[in-house]
Each structure stands twice: as structure tokens, then as C-alpha cells.
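File shown: structure04.cif. Contents: mmCIF, C-alpha atoms and all ligand atoms.
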data_query
loop_
_atom_site.group_PDB
_atom_site.id
_atom_site.type_symbol
_atom_site.label_atom_id
_atom_site.label_comp_id
_atom_site.auth_asym_id
_atom_site.auth_seq_id
_atom_site.Cartn_x
_atom_site.Cartn_y
_atom_site.Cartn_z
ATOM 1 C CA MET A 1 114.545 -71.295 105.518
ATOM 2 C CA LEU A 2 113.258 -70.609 102.009
ATOM 3 C CA HIS A 3 110.537 -68.034 101.350
ATOM 4 C CA ILE A 4 109.575 -68.235 97.699
ATOM 5 C CA GLY A 5 107.441 -65.558 96.052
ATOM 6 C CA LYS A 6 105.650 -66.106 92.740
ATOM 7 C CA ASN A 7 106.818 -62.654 91.702
ATOM 8 C CA GLN A 8 108.764 -59.698 93.032
ATOM 9 C CA ASP A 9 105.764 -57.972 94.618
ATOM 10 C CA GLU A 10 104.738 -61.060 96.593
ATOM 11 C CA LEU A 11 108.346 -61.569 97.657
ATOM 12 C CA ILE A 12 108.873 -57.973 98.770
ATOM 13 C CA LYS A 13 105.669 -58.099 100.810
ATOM 14 C CA ALA A 14 106.786 -61.332 102.496
ATOM 15 C CA MET A 15 110.121 -59.731 103.335
ATOM 16 C CA ALA A 16 108.456 -56.569 104.660
ATOM 17 C CA ASP A 17 106.228 -58.685 106.905
ATOM 18 C CA PHE A 18 109.329 -60.514 108.120
ATOM 19 C CA VAL A 19 111.077 -57.232 108.978
ATOM 20 C CA VAL A 20 107.971 -56.049 110.853
ATOM 21 C CA LEU A 21 107.893 -59.274 112.884
ATOM 22 C CA ARG A 22 111.605 -59.197 113.756
ATOM 23 C CA ALA A 23 111.336 -55.530 114.749
ATOM 24 C CA ALA A 24 108.340 -56.177 117.013
ATOM 25 C CA GLU A 25 110.166 -59.135 118.598
ATOM 26 C CA ALA A 26 113.371 -57.175 119.275
ATOM 27 C CA ILE A 27 111.574 -54.068 120.553
ATOM 28 C CA ALA A 28 109.450 -56.201 122.903
ATOM 29 C CA GLU A 29 112.537 -58.045 124.192
ATOM 30 C CA GLN A 30 115.131 -55.267 124.392
ATOM 31 C CA GLY A 31 113.357 -51.996 123.584
ATOM 32 C CA LYS A 32 115.206 -51.554 120.309
ATOM 33 C CA PHE A 33 115.911 -53.193 116.950
ATOM 34 C CA SER A 34 119.217 -53.159 115.100
ATOM 35 C CA ILE A 35 118.993 -53.770 111.375
ATOM 36 C CA VAL A 36 121.813 -53.964 108.835
ATOM 37 C CA LEU A 37 120.737 -52.855 105.369
ATOM 38 C CA SER A 38 122.015 -54.288 102.129
ATOM 39 C CA GLY A 39 123.220 -52.172 99.259
ATOM 40 C CA GLY A 40 122.558 -52.580 95.559
ATOM 41 C CA SER A 41 119.193 -52.172 93.876
ATOM 42 C CA SER A 42 117.208 -55.147 95.219
ATOM 43 C CA PRO A 43 116.355 -53.549 98.580
ATOM 44 C CA LYS A 44 114.862 -50.373 97.027
ATOM 45 C CA LYS A 45 111.364 -51.803 96.670
ATOM 46 C CA LEU A 46 111.528 -53.266 100.172
ATOM 47 C CA HIS A 47 112.473 -49.869 101.590
ATOM 48 C CA GLU A 48 109.705 -48.159 99.606
ATOM 49 C CA LEU A 49 107.109 -50.658 100.856
ATOM 50 C CA LEU A 50 108.238 -50.299 104.484
ATOM 51 C CA ALA A 51 107.999 -46.506 104.147
ATOM 52 C CA SER A 52 104.569 -46.682 102.435
ATOM 53 C CA ASP A 53 101.269 -45.808 104.147
ATOM 54 C CA ARG A 54 100.536 -49.553 104.209
ATOM 55 C CA TYR A 55 103.550 -50.394 106.376
ATOM 56 C CA ARG A 56 104.992 -47.268 107.988
ATOM 57 C CA ASN A 57 102.796 -47.599 111.087
ATOM 58 C CA LYS A 58 103.571 -51.276 111.611
ATOM 59 C CA VAL A 59 106.957 -50.525 113.203
ATOM 60 C CA ASP A 60 107.949 -48.132 115.980
ATOM 61 C CA TRP A 61 110.735 -46.575 113.879
ATOM 62 C CA THR A 62 111.888 -44.489 116.854
ATOM 63 C CA ARG A 63 113.245 -47.758 118.320
ATOM 64 C CA VAL A 64 115.101 -48.849 115.168
ATOM 65 C CA PHE A 65 118.859 -48.408 114.604
ATOM 66 C CA PHE A 66 120.177 -48.706 111.059
ATOM 67 C CA PHE A 67 123.568 -50.021 109.959
ATOM 68 C CA PHE A 68 125.052 -51.067 106.602
ATOM 69 C CA GLY A 69 126.507 -54.404 105.543
ATOM 70 C CA ASP A 70 128.846 -52.715 103.118
ATOM 71 C CA GLU A 71 129.503 -49.478 101.307
ATOM 72 C CA ARG A 72 131.080 -48.412 98.101
ATOM 73 C CA TYR A 73 134.021 -46.089 98.782
ATOM 74 C CA VAL A 74 132.309 -43.022 97.324
ATOM 75 C CA PRO A 75 131.055 -39.787 98.934
ATOM 76 C CA ALA A 76 127.739 -40.035 100.797
ATOM 77 C CA ASP A 77 126.059 -37.950 98.072
ATOM 78 C CA HIS A 78 127.380 -40.092 95.208
ATOM 79 C CA PRO A 79 124.748 -41.972 93.160
ATOM 80 C CA ASP A 80 126.513 -45.287 93.923
ATOM 81 C CA SER A 81 126.344 -44.747 97.700
ATOM 82 C CA ASN A 82 124.351 -47.420 99.548
ATOM 83 C CA TYR A 83 123.744 -44.850 102.276
ATOM 84 C CA LEU A 84 122.243 -42.382 99.760
ATOM 85 C CA MET A 85 119.927 -45.069 98.364
ATOM 86 C CA ALA A 86 118.682 -45.893 101.885
ATOM 87 C CA LYS A 87 118.353 -42.199 102.753
ATOM 88 C CA LYS A 88 116.166 -41.548 99.723
ATOM 89 C CA THR A 89 114.020 -44.694 99.944
ATOM 90 C CA LEU A 90 113.764 -45.219 103.703
ATOM 91 C CA PHE A 91 115.276 -42.688 106.108
ATOM 92 C CA ASP A 92 113.834 -39.510 104.558
ATOM 93 C CA PRO A 93 110.317 -40.888 103.913
ATOM 94 C CA LEU A 94 110.186 -42.235 107.497
ATOM 95 C CA ASN A 95 111.827 -39.135 109.030
ATOM 96 C CA ILE A 96 114.433 -41.326 110.697
ATOM 97 C CA SER A 97 116.616 -39.318 113.065
ATOM 98 C CA GLN A 98 120.256 -39.171 111.950
ATOM 99 C CA GLU A 99 121.220 -40.364 115.449
ATOM 100 C CA HIS A 100 119.656 -43.706 114.517
ATOM 101 C CA VAL A 101 121.579 -44.121 111.263
ATOM 102 C CA PHE A 102 125.155 -45.417 111.414
ATOM 103 C CA ARG A 103 126.789 -45.083 108.019
ATOM 104 C CA MET A 104 130.337 -45.941 106.984
ATOM 105 C CA ASP A 105 132.270 -42.673 106.866
ATOM 106 C CA THR A 106 133.812 -42.597 103.413
ATOM 107 C CA SER A 107 135.321 -39.170 104.048
ATOM 108 C CA LEU A 108 138.052 -41.088 105.914
ATOM 109 C CA PRO A 109 140.715 -43.183 104.142
ATOM 110 C CA PRO A 110 139.316 -46.713 103.536
ATOM 111 C CA ALA A 111 141.173 -48.518 106.334
ATOM 112 C CA GLU A 112 140.327 -45.761 108.821
ATOM 113 C CA ALA A 113 136.688 -45.802 107.715
ATOM 114 C CA ALA A 114 136.557 -49.554 108.363
ATOM 115 C CA SER A 115 138.115 -49.317 111.813
ATOM 116 C CA ALA A 116 135.932 -46.336 112.735
ATOM 117 C CA TYR A 117 132.842 -48.328 111.746
ATOM 118 C CA GLU A 118 134.028 -51.299 113.765
ATOM 119 C CA LYS A 119 134.305 -48.984 116.807
ATOM 120 C CA THR A 120 130.820 -47.600 116.114
ATOM 121 C CA ILE A 121 129.369 -51.116 116.151
ATOM 122 C CA ILE A 122 131.250 -52.055 119.345
ATOM 123 C CA ARG A 123 130.016 -48.861 120.989
ATOM 124 C CA TYR A 124 126.419 -49.570 119.969
ATOM 125 C CA PHE A 125 126.541 -53.031 121.579
ATOM 126 C CA GLY A 126 128.170 -51.629 124.711
ATOM 127 C CA GLY A 127 130.583 -54.466 125.299
ATOM 128 C CA ARG A 128 128.007 -57.190 124.580
ATOM 129 C CA SER A 129 128.181 -59.583 121.631
ATOM 130 C CA LEU A 130 128.048 -57.820 118.241
ATOM 131 C CA SER A 131 124.843 -59.635 117.387
ATOM 132 C CA PHE A 132 122.591 -57.607 115.098
ATOM 133 C CA ASP A 133 118.890 -58.410 115.317
ATOM 134 C CA LEU A 134 118.555 -58.618 111.537
ATOM 135 C CA ILE A 135 121.014 -58.460 108.665
ATOM 136 C CA ILE A 136 119.593 -58.113 105.163
ATOM 137 C CA LEU A 137 121.882 -59.323 102.375
ATOM 138 C CA GLY A 138 121.767 -59.305 98.601
ATOM 139 C CA LEU A 139 123.433 -61.737 96.219
ATOM 140 C CA GLY A 140 125.492 -60.736 93.229
ATOM 141 C CA ASP A 141 125.328 -62.779 90.022
ATOM 142 C CA ASP A 142 128.842 -63.962 90.952
ATOM 143 C CA ALA A 143 127.561 -65.216 94.346
ATOM 144 C CA HIS A 144 129.128 -62.326 96.288
ATOM 145 C CA THR A 145 127.269 -60.838 99.216
ATOM 146 C CA ALA A 146 127.915 -57.571 101.037
ATOM 147 C CA SER A 147 131.344 -56.773 99.596
ATOM 148 C CA LEU A 148 132.610 -60.318 100.048
ATOM 149 C CA PHE A 149 133.641 -60.869 96.443
ATOM 150 C CA PRO A 150 135.071 -64.075 94.910
ATOM 151 C CA GLY A 151 138.834 -64.410 95.139
ATOM 152 C CA THR A 152 139.361 -61.647 97.684
ATOM 153 C CA SER A 153 141.372 -61.737 100.909
ATOM 154 C CA VAL A 154 138.425 -60.763 103.130
ATOM 155 C CA LEU A 155 136.889 -64.228 102.522
ATOM 156 C CA SER A 156 139.560 -65.746 104.777
ATOM 157 C CA GLU A 157 139.125 -63.072 107.459
ATOM 158 C CA THR A 158 138.430 -64.664 110.854
ATOM 159 C CA LYS A 159 138.092 -61.313 112.635
ATOM 160 C CA VAL A 160 134.640 -60.243 113.826
ATOM 161 C CA GLY A 161 134.771 -56.778 112.358
ATOM 162 C CA VAL A 162 134.858 -54.501 109.359
ATOM 163 C CA ASN A 163 137.403 -54.556 106.537
ATOM 164 C CA ALA A 164 138.277 -52.214 103.679
ATOM 165 C CA LEU A 165 139.727 -53.589 100.476
ATOM 166 C CA TYR A 166 140.141 -52.715 96.836
ATOM 167 C CA ILE A 167 137.934 -54.877 94.632
ATOM 168 C CA GLU A 168 139.463 -55.320 91.162
ATOM 169 C CA LYS A 169 136.177 -56.516 89.671
ATOM 170 C CA VAL A 170 134.352 -53.287 90.433
ATOM 171 C CA LYS A 171 137.489 -51.108 90.325
ATOM 172 C CA MET A 172 136.789 -49.498 93.664
ATOM 173 C CA ASP A 173 137.496 -49.726 97.355
ATOM 174 C CA ARG A 174 134.730 -51.286 99.396
ATOM 175 C CA ILE A 175 134.062 -51.394 103.129
ATOM 176 C CA THR A 176 132.347 -54.530 104.398
ATOM 177 C CA LEU A 177 131.293 -56.408 107.497
ATOM 178 C CA THR A 178 133.303 -59.621 107.686
ATOM 179 C CA ALA A 179 131.539 -62.996 107.477
ATOM 180 C CA PRO A 180 132.282 -63.765 111.152
ATOM 181 C CA LEU A 181 130.528 -60.523 112.154
ATOM 182 C CA ILE A 182 127.563 -61.206 109.855
ATOM 183 C CA ASN A 183 127.278 -64.738 111.269
ATOM 184 C CA LEU A 184 126.796 -63.426 114.810
ATOM 185 C CA ALA A 185 123.419 -62.003 113.813
ATOM 186 C CA LYS A 186 120.201 -63.263 115.391
ATOM 187 C CA ASN A 187 118.539 -63.292 111.954
ATOM 188 C CA ILE A 188 120.010 -63.115 108.449
ATOM 189 C CA ALA A 189 117.765 -62.684 105.428
ATOM 190 C CA PHE A 190 118.869 -62.739 101.803
ATOM 191 C CA LEU A 191 116.652 -60.870 99.353
ATOM 192 C CA VAL A 192 117.266 -62.233 95.861
ATOM 193 C CA PHE A 193 115.061 -61.980 92.815
ATOM 194 C CA GLY A 194 115.282 -62.150 89.027
ATOM 195 C CA GLU A 195 116.522 -64.690 86.511
ATOM 196 C CA SER A 196 120.009 -63.145 86.508
ATOM 197 C CA LYS A 197 120.562 -64.554 90.021
ATOM 198 C CA ALA A 198 119.460 -68.143 89.317
ATOM 199 C CA VAL A 199 122.947 -69.437 88.494
ATOM 200 C CA ALA A 200 124.477 -67.826 91.588
ATOM 201 C CA VAL A 201 121.685 -69.227 93.782
ATOM 202 C CA ASN A 202 122.269 -72.668 92.337
ATOM 203 C CA GLN A 203 126.037 -72.385 92.945
ATOM 204 C CA VAL A 204 125.503 -71.346 96.559
ATOM 205 C CA PHE A 205 122.955 -74.071 97.269
ATOM 206 C CA ARG A 206 124.055 -76.874 94.990
ATOM 207 C CA GLY A 207 127.645 -76.004 94.006
ATOM 208 C CA ASP A 208 130.765 -77.507 95.544
ATOM 209 C CA ARG A 209 131.620 -76.021 98.889
ATOM 210 C CA ASN A 210 133.992 -73.299 97.727
ATOM 211 C CA ILE A 211 133.748 -70.004 99.571
ATOM 212 C CA HIS A 212 136.414 -68.427 97.359
ATOM 213 C CA LEU A 213 134.250 -68.999 94.303
ATOM 214 C CA TYR A 214 130.856 -68.639 96.004
ATOM 215 C CA PRO A 215 131.325 -66.265 98.964
ATOM 216 C CA ALA A 216 127.656 -66.317 100.021
ATOM 217 C CA GLN A 217 128.357 -69.893 101.197
ATOM 218 C CA LEU A 218 130.246 -68.237 104.086
ATOM 219 C CA ILE A 219 126.955 -67.025 105.541
ATOM 220 C CA ASN A 220 125.883 -69.437 108.252
ATOM 221 C CA PRO A 221 124.705 -67.809 111.484
ATOM 222 C CA SER A 222 126.355 -69.372 114.545
ATOM 223 C CA ASN A 223 123.205 -69.112 116.673
ATOM 224 C CA GLY A 224 120.746 -67.207 114.535
ATOM 225 C CA THR A 225 118.317 -67.982 111.760
ATOM 226 C CA LEU A 226 119.058 -67.916 108.018
ATOM 227 C CA HIS A 227 116.327 -67.030 105.530
ATOM 228 C CA TRP A 228 116.326 -66.800 101.755
ATOM 229 C CA PHE A 229 113.597 -64.634 100.281
ATOM 230 C CA MET A 230 113.583 -65.390 96.550
ATOM 231 C CA ASP A 231 111.203 -65.248 93.645
ATOM 232 C CA THR A 232 110.683 -68.380 91.528
ATOM 233 C CA ALA A 233 112.962 -66.950 88.814
ATOM 234 C CA ALA A 234 115.965 -66.685 91.115
ATOM 235 C CA ALA A 235 115.178 -69.908 92.960
ATOM 236 C CA ALA A 236 114.463 -71.992 89.831
ATOM 237 C CA ALA A 237 117.324 -74.443 90.265
ATOM 238 C CA VAL A 238 116.769 -75.062 93.961
ATOM 239 C CA LEU A 239 113.059 -75.708 93.405
ATOM 240 C CA LEU A 240 113.662 -78.600 91.008
HETATM 241 C C1 LIG A 301 126.378 -53.700 97.127
HETATM 242 C C2 LIG A 301 125.700 -54.808 97.871
HETATM 243 C C3 LIG A 301 125.882 -56.090 97.131
HETATM 244 C C4 LIG A 301 124.525 -56.349 96.512
HETATM 245 C C5 LIG A 301 124.628 -57.358 95.416
HETATM 246 C C6 LIG A 301 123.281 -57.491 94.694
HETATM 247 O O1 LIG A 301 126.933 -52.792 97.761
HETATM 248 O O2 LIG A 301 126.284 -53.741 95.883
HETATM 249 O O3 LIG A 301 125.821 -54.854 99.145
HETATM 250 O O4 LIG A 301 126.283 -57.183 97.890
HETATM 251 O O5 LIG A 301 123.624 -56.805 97.518
HETATM 252 O O6 LIG A 301 125.613 -56.905 94.511
HETATM 253 O O7 LIG A 301 123.007 -56.246 94.106
HETATM 254 P P1 LIG A 301 121.609 -55.972 93.347
HETATM 255 O O8 LIG A 301 120.556 -56.026 94.405
HETATM 256 O O9 LIG A 301 121.769 -54.601 92.769
HETATM 257 O O10 LIG A 301 121.464 -57.061 92.336
#
With the file now loaded, output its structure as C-alpha cells.
Ligand code: 6PG
Amino acid sequence: MLHIGKNQDELIKAMADFVVLRAAEAIAEQGKFSIVLSGGSSPKKLHELLASDRYRNKVDWTRVFFFFGDERYVPADHPDSNYLMAKKTLFDPLNISQEHVFRMDTSLPPAEAASAYEKTIIRYFGGRSLSFDLIILGLGDDAHTASLFPGTSVLSETKVGVNALYIEKVKMDRITLTAPLINLAKNIAFLVFGESKAVAVNQVFRGDRNIHLYPAQLINPSNGTLHWFMDTAAAAAVLL
């Protein structure tokens, strides 16, 4: 489902309203809400809006459990850390208890960090399907999402889990949920805005089916819903 905003502010508000709805739904049904955050810079404004006076009281944050779709292999206090960005823009302003935040432990070697995170997710779901209530994803200008980058081995991973791999393009190790794990989610929402993403959006929507070139094409929830929150700049080609 496409949600197109005339500009970033309209888009971010639409996405915040969507998060509020999904949280209310999950908390009503199961008493809690599991959300997987995206890294990068796009989610910052969404986090800030959710933590603002306008939105903070729309969700019972004490029932929300936070996970990450991927992480750069840097210390948790490194400026590139996705965890640090979320801590500053969401967890601290909302006084989220650390017991409700599950970050990838980059103090471990990459492979161990990935397997430890996999165990954390399995433990959270207590033997039931690893189906997150909502996974938020970004889109790189090369059509990557999470840390599923073009031309990497993780794109062929069939395991429902978490992988660590060195990404030549960004010259760093990354830890990422695999596409099969992402696709178990009840709801998946991409948040993509800005002209720089228009080509990647077009490739994902209109390009040949080629997950090695356009990894975001891997994202197709098996039973859940798929939403694209985009501004008109990013969605230009698909609106023609
Ligand atoms: C990361 C993200 C990555 C991000 C895209 C878009 O760790 O960088 O998970 O997949 O969502 O690269 O990043 P921007 O929002 O900064 O454009």
C-alpha cells in the first residue's frame, strides 16, 4: 500500500499515525507491541515526532518493545550507531526502560553478535513465530534495505534469523535481520523521502525482478501487510 505525502512533514505525520494505530492494535490484542526500528537518518524526524508532546501520549510506551533491523558494527556510543540515534531521538525523550530495548551487542565479534541477537529475538517470542508487529525499513539510493546490500551473500539467505557480514561498499561489518525474518512481520513499512531515492524506488517498483541488484525487492511479507510511506519526490516515477 502506498502512502504518499506532499512533503516530508506530511509524510512523517502519516507514518507516526500509522505507528500509533499498529501499537494500539497490538496492545489491545496481545498486551504488547514489538517494533523494529530502521537505521540511517530518515527515521530521526519520525522518532522526534513520536516523542513530541503532540504524540507521546498516544501510545502506552510501557507496552512497547524495541528492536533493530540492522546495526553498523561500531560501539554503541559511536556517532554511526543506529542504537545511539534511536536512544537520542526516541528512548531518552520517552524515558523508555532499557529492559524494553533490544540492541545488537557490537561489543561481541560480529558473528557472535548476530547469533546472540537471534537468540534474543527467539527468547522474546517464547517459541512462537518470530513475527514482529511492525518493522520500519529505509531504502538506500542503491535499493538496499536494512543491511541487505546489492551483491552480498545475505540476499540468498533462506534462514529466518540474523546475519553478520562485511559490506565492501561501506567498508564495515554490518549485522542485519535476514529477509525471511523481516517477511514474517505482521506489518512492514518503508519510510522513504527525497529526490535522491527516486531512482531506487523506481528500480524496486518498476525494475526487472533482480534481488541481487535491488535487494528491497526481497521484502514481501508472507502473511503481513506492506506499506510504502514516501513523499512525492521519492515516489515520482511510480506516480506517473
Ligand atoms: C542503515 C539502515 C539503512 C538505511 C538506508 C537509508 O543502517 O543505514 O538501516 O538500510 O535505512 O541506508 O538511509 P537514510 O535514511 O539515511 O537515507
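Closest approach to ligand LIG 301 (chain A) from the set A:Arg54, A:His144, A:Lys88, A:Arg63 is made by A:His144, with distances taken over all atoms listed in the file.
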(message) At a cut-off of 9 Å and counting only C-alpha atoms and all ligand atoms, what residues surround ligand LIG 301 (chain A)? Please answer as a PyMOL selection string.
(response) chain A and resi 37-44+68-72+80-82+136-149+174+176+190-194+196-197
(request) Enter the distance from CA of Thr89 in chain A to CA of His47 in chain A, in Å, rounded to one decimal. (result) 5.6 Å
(request) Would you translate the PyMOL selection byres (((chain A and resi 66) around 10) and not hetatm) into the concrete set of residues it matches in this file, as a ChimeraX atom specification? (result) /A:33-37,64-65,67-68,86,91,96,98-103
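Among the candidate residues A:Asn163, A:Val59, A:Glu48, A:Ala26, the one lying nearest to Met85 in chain A is A:Glu48, with distances computed using only C-alpha atoms.
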For range 185-203 of chain A, I'd like the enclosing box, axis-aligned and padded by 6 Å on every side, reported as JSON with centre and edge lengths in Å to one decimal.
{"center_x": 120.5, "center_y": -66.8, "center_z": 100.9, "size_x": 23.0, "size_y": 23.8, "size_z": 40.9}
(request) Choose the residue, out of A:Ala114, A:Ala16, A:Leu226, A:Val199, that has the smallest atom-to-atom separation from Thr178 in chain A; count all atoms listed in the file. (result) A:Ala114
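Straight-line separation from CA of Pro150 in chain A to CA of Ser129 in chain A: 28.0 Å.
The closest residue to Glu25 in chain A, picked from A:Leu134, A:Ile12, A:Met1, A:Ala179 and counting all atoms listed in the file, is A:Leu134.
Residues lying within 7 Å of Leu11 in chain A, counting all atoms listed in the file and ignoring same-chain neighbours fewer than 5 positions away, are A:Ile4, A:Gly5, A:Phe229, A:Met230, A:Asp231.
The point (115.2, -58.1, 111.4) has these residues within 7 Å of it when only C-alpha atoms are used: Val19, Arg22, Ala23, Ile35, Asp133, Leu134, Ile135 and Asn187 of chain A.
Selection by the PyMOL selection byres (((chain A and resi 107-110) around 9) and not hetatm) on the present file picks out Tyr73, Val74, Pro75, Ala76, Met104, Asp105, Thr106, Ala111, Glu112, Ala113, Ala114, Ser115, Ala116, Asn163, Ala164, Leu165, Asp173, Arg174 and Ile175 of chain A.
Among the candidate residues A:Asn223, A:Tyr55, A:Pro180, A:Ala235, the one lying nearest to Val204 in chain A is A:Ala235, with distances computed using all atoms listed in the file.
Picture a line from CA of Asn95 in chain A to CA of Arg56 in chain A; it runs 10.7 Å.
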Missing atoms in range 80-90 of chain A: can you complete it with all heavy atoms, as a PDB file, in the coordinates of the input?
ATOM      1  N   ASP A  80     126.234 -43.867  93.623  1.00  0.00           N
ATOM      2  CA  ASP A  80     126.513 -45.287  93.923  1.00  0.00           C
ATOM      3  C   ASP A  80     126.466 -45.582  95.424  1.00  0.00           C
ATOM      4  O   ASP A  80     126.651 -46.732  95.826  1.00  0.00           O
ATOM      5  CB  ASP A  80     127.899 -45.678  93.391  1.00  0.00           C
ATOM      6  CG  ASP A  80     127.890 -45.790  91.879  1.00  0.00           C
ATOM      7  OD1 ASP A  80     126.775 -45.775  91.303  1.00  0.00           O
ATOM      8  OD2 ASP A  80     128.981 -45.871  91.282  1.00  0.00           O
ATOM      9  N   SER A  81     126.276 -44.552  96.239  1.00  0.00           N
ATOM     10  CA  SER A  81     126.344 -44.747  97.700  1.00  0.00           C
ATOM     11  C   SER A  81     125.148 -45.565  98.209  1.00  0.00           C
ATOM     12  O   SER A  81     123.988 -45.211  97.950  1.00  0.00           O
ATOM     13  CB  SER A  81     126.364 -43.383  98.386  1.00  0.00           C
ATOM     14  OG  SER A  81     126.036 -43.516  99.771  1.00  0.00           O
ATOM     15  N   ASN A  82     125.439 -46.625  98.940  1.00  0.00           N
ATOM     16  CA  ASN A  82     124.351 -47.420  99.548  1.00  0.00           C
ATOM     17  C   ASN A  82     123.608 -46.589 100.592  1.00  0.00           C
ATOM     18  O   ASN A  82     122.392 -46.711 100.758  1.00  0.00           O
ATOM     19  CB  ASN A  82     124.906 -48.693 100.207  1.00  0.00           C
ATOM     20  CG  ASN A  82     125.361 -49.718  99.175  1.00  0.00           C
ATOM     21  OD1 ASN A  82     124.883 -49.721  98.042  1.00  0.00           O
ATOM     22  ND2 ASN A  82     126.292 -50.571  99.557  1.00  0.00           N
ATOM     23  N   TYR A  83     124.382 -45.723 101.268  1.00  0.00           N
ATOM     24  CA  TYR A  83     123.744 -44.850 102.276  1.00  0.00           C
ATOM     25  C   TYR A  83     122.732 -43.934 101.599  1.00  0.00           C
ATOM     26  O   TYR A  83     121.595 -43.784 102.048  1.00  0.00           O
ATOM     27  CB  TYR A  83     124.804 -44.018 103.006  1.00  0.00           C
ATOM     28  CG  TYR A  83     124.227 -42.818 103.723  1.00  0.00           C
ATOM     29  CD1 TYR A  83     123.534 -42.990 104.912  1.00  0.00           C
ATOM     30  CD2 TYR A  83     124.328 -41.539 103.174  1.00  0.00           C
ATOM     31  CE1 TYR A  83     122.962 -41.901 105.562  1.00  0.00           C
ATOM     32  CE2 TYR A  83     123.757 -40.450 103.813  1.00  0.00           C
ATOM     33  CZ  TYR A  83     123.080 -40.623 104.995  1.00  0.00           C
ATOM     34  OH  TYR A  83     122.504 -39.546 105.625  1.00  0.00           O
ATOM     35  N   LEU A  84     123.132 -43.326 100.458  1.00  0.00           N
ATOM     36  CA  LEU A  84     122.243 -42.382  99.760  1.00  0.00           C
ATOM     37  C   LEU A  84     120.963 -43.087  99.307  1.00  0.00           C
ATOM     38  O   LEU A  84     119.866 -42.540  99.416  1.00  0.00           O
ATOM     39  CB  LEU A  84     122.965 -41.759  98.571  1.00  0.00           C
ATOM     40  CG  LEU A  84     122.173 -40.685  97.819  1.00  0.00           C
ATOM     41  CD1 LEU A  84     121.898 -39.477  98.714  1.00  0.00           C
ATOM     42  CD2 LEU A  84     122.917 -40.239  96.552  1.00  0.00           C
ATOM     43  N   MET A  85     121.118 -44.319  98.818  1.00  0.00           N
ATOM     44  CA  MET A  85     119.927 -45.069  98.364  1.00  0.00           C
ATOM     45  C   MET A  85     118.977 -45.271  99.549  1.00  0.00           C
ATOM     46  O   MET A  85     117.768 -45.031  99.456  1.00  0.00           O
ATOM     47  CB  MET A  85     120.364 -46.417  97.793  1.00  0.00           C
ATOM     48  CG  MET A  85     119.236 -47.269  97.222  1.00  0.00           C
ATOM     49  SD  MET A  85     118.424 -48.327  98.449  1.00  0.00           S
ATOM     50  CE  MET A  85     119.558 -49.698  98.545  1.00  0.00           C
ATOM     51  N   ALA A  86     119.533 -45.667 100.703  1.00  0.00           N
ATOM     52  CA  ALA A  86     118.682 -45.893 101.885  1.00  0.00           C
ATOM     53  C   ALA A  86     118.088 -44.574 102.386  1.00  0.00           C
ATOM     54  O   ALA A  86     116.936 -44.524 102.829  1.00  0.00           O
ATOM     55  CB  ALA A  86     119.508 -46.555 102.983  1.00  0.00           C
ATOM     56  N   LYS A  87     118.842 -43.524 102.290  1.00  0.00           N
ATOM     57  CA  LYS A  87     118.353 -42.199 102.753  1.00  0.00           C
ATOM     58  C   LYS A  87     117.127 -41.800 101.932  1.00  0.00           C
ATOM     59  O   LYS A  87     116.096 -41.381 102.466  1.00  0.00           O
ATOM     60  CB  LYS A  87     119.463 -41.157 102.610  1.00  0.00           C
ATOM     61  CG  LYS A  87     119.101 -39.745 103.060  1.00  0.00           C
ATOM     62  CD  LYS A  87     120.306 -38.814 102.931  1.00  0.00           C
ATOM     63  CE  LYS A  87     120.042 -37.446 103.527  1.00  0.00           C
ATOM     64  NZ  LYS A  87     118.884 -36.749 102.888  1.00  0.00           N
ATOM     65  N   LYS A  88     117.254 -41.973 100.613  1.00  0.00           N
ATOM     66  CA  LYS A  88     116.166 -41.548  99.723  1.00  0.00           C
ATOM     67  C   LYS A  88     114.924 -42.447  99.853  1.00  0.00           C
ATOM     68  O   LYS A  88     113.798 -41.976  99.794  1.00  0.00           O
ATOM     69  CB  LYS A  88     116.636 -41.587  98.272  1.00  0.00           C
ATOM     70  CG  LYS A  88     117.576 -40.453  97.889  1.00  0.00           C
ATOM     71  CD  LYS A  88     117.948 -40.591  96.417  1.00  0.00           C
ATOM     72  CE  LYS A  88     118.891 -39.493  95.957  1.00  0.00           C
ATOM     73  NZ  LYS A  88     119.436 -39.784  94.603  1.00  0.00           N
ATOM     74  N   THR A  89     115.159 -43.760 100.013  1.00  0.00           N
ATOM     75  CA  THR A  89     114.020 -44.694  99.944  1.00  0.00           C
ATOM     76  C   THR A  89     113.461 -45.058 101.315  1.00  0.00           C
ATOM     77  O   THR A  89     112.357 -45.599 101.403  1.00  0.00           O
ATOM     78  CB  THR A  89     114.467 -46.007  99.242  1.00  0.00           C
ATOM     79  OG1 THR A  89     115.575 -46.557  99.967  1.00  0.00           O
ATOM     80  CG2 THR A  89     114.866 -45.747  97.797  1.00  0.00           C
ATOM     81  N   LEU A  90     114.218 -44.772 102.373  1.00  0.00           N
ATOM     82  CA  LEU A  90     113.764 -45.219 103.703  1.00  0.00           C
ATOM     83  C   LEU A  90     113.877 -44.125 104.766  1.00  0.00           C
ATOM     84  O   LEU A  90     112.878 -43.739 105.364  1.00  0.00           O
ATOM     85  CB  LEU A  90     114.600 -46.434 104.121  1.00  0.00           C
ATOM     86  CG  LEU A  90     114.102 -47.316 105.245  1.00  0.00           C
ATOM     87  CD1 LEU A  90     112.776 -47.977 104.901  1.00  0.00           C
ATOM     88  CD2 LEU A  90     115.150 -48.399 105.585  1.00  0.00           C
TER      89      LEU A  90
END
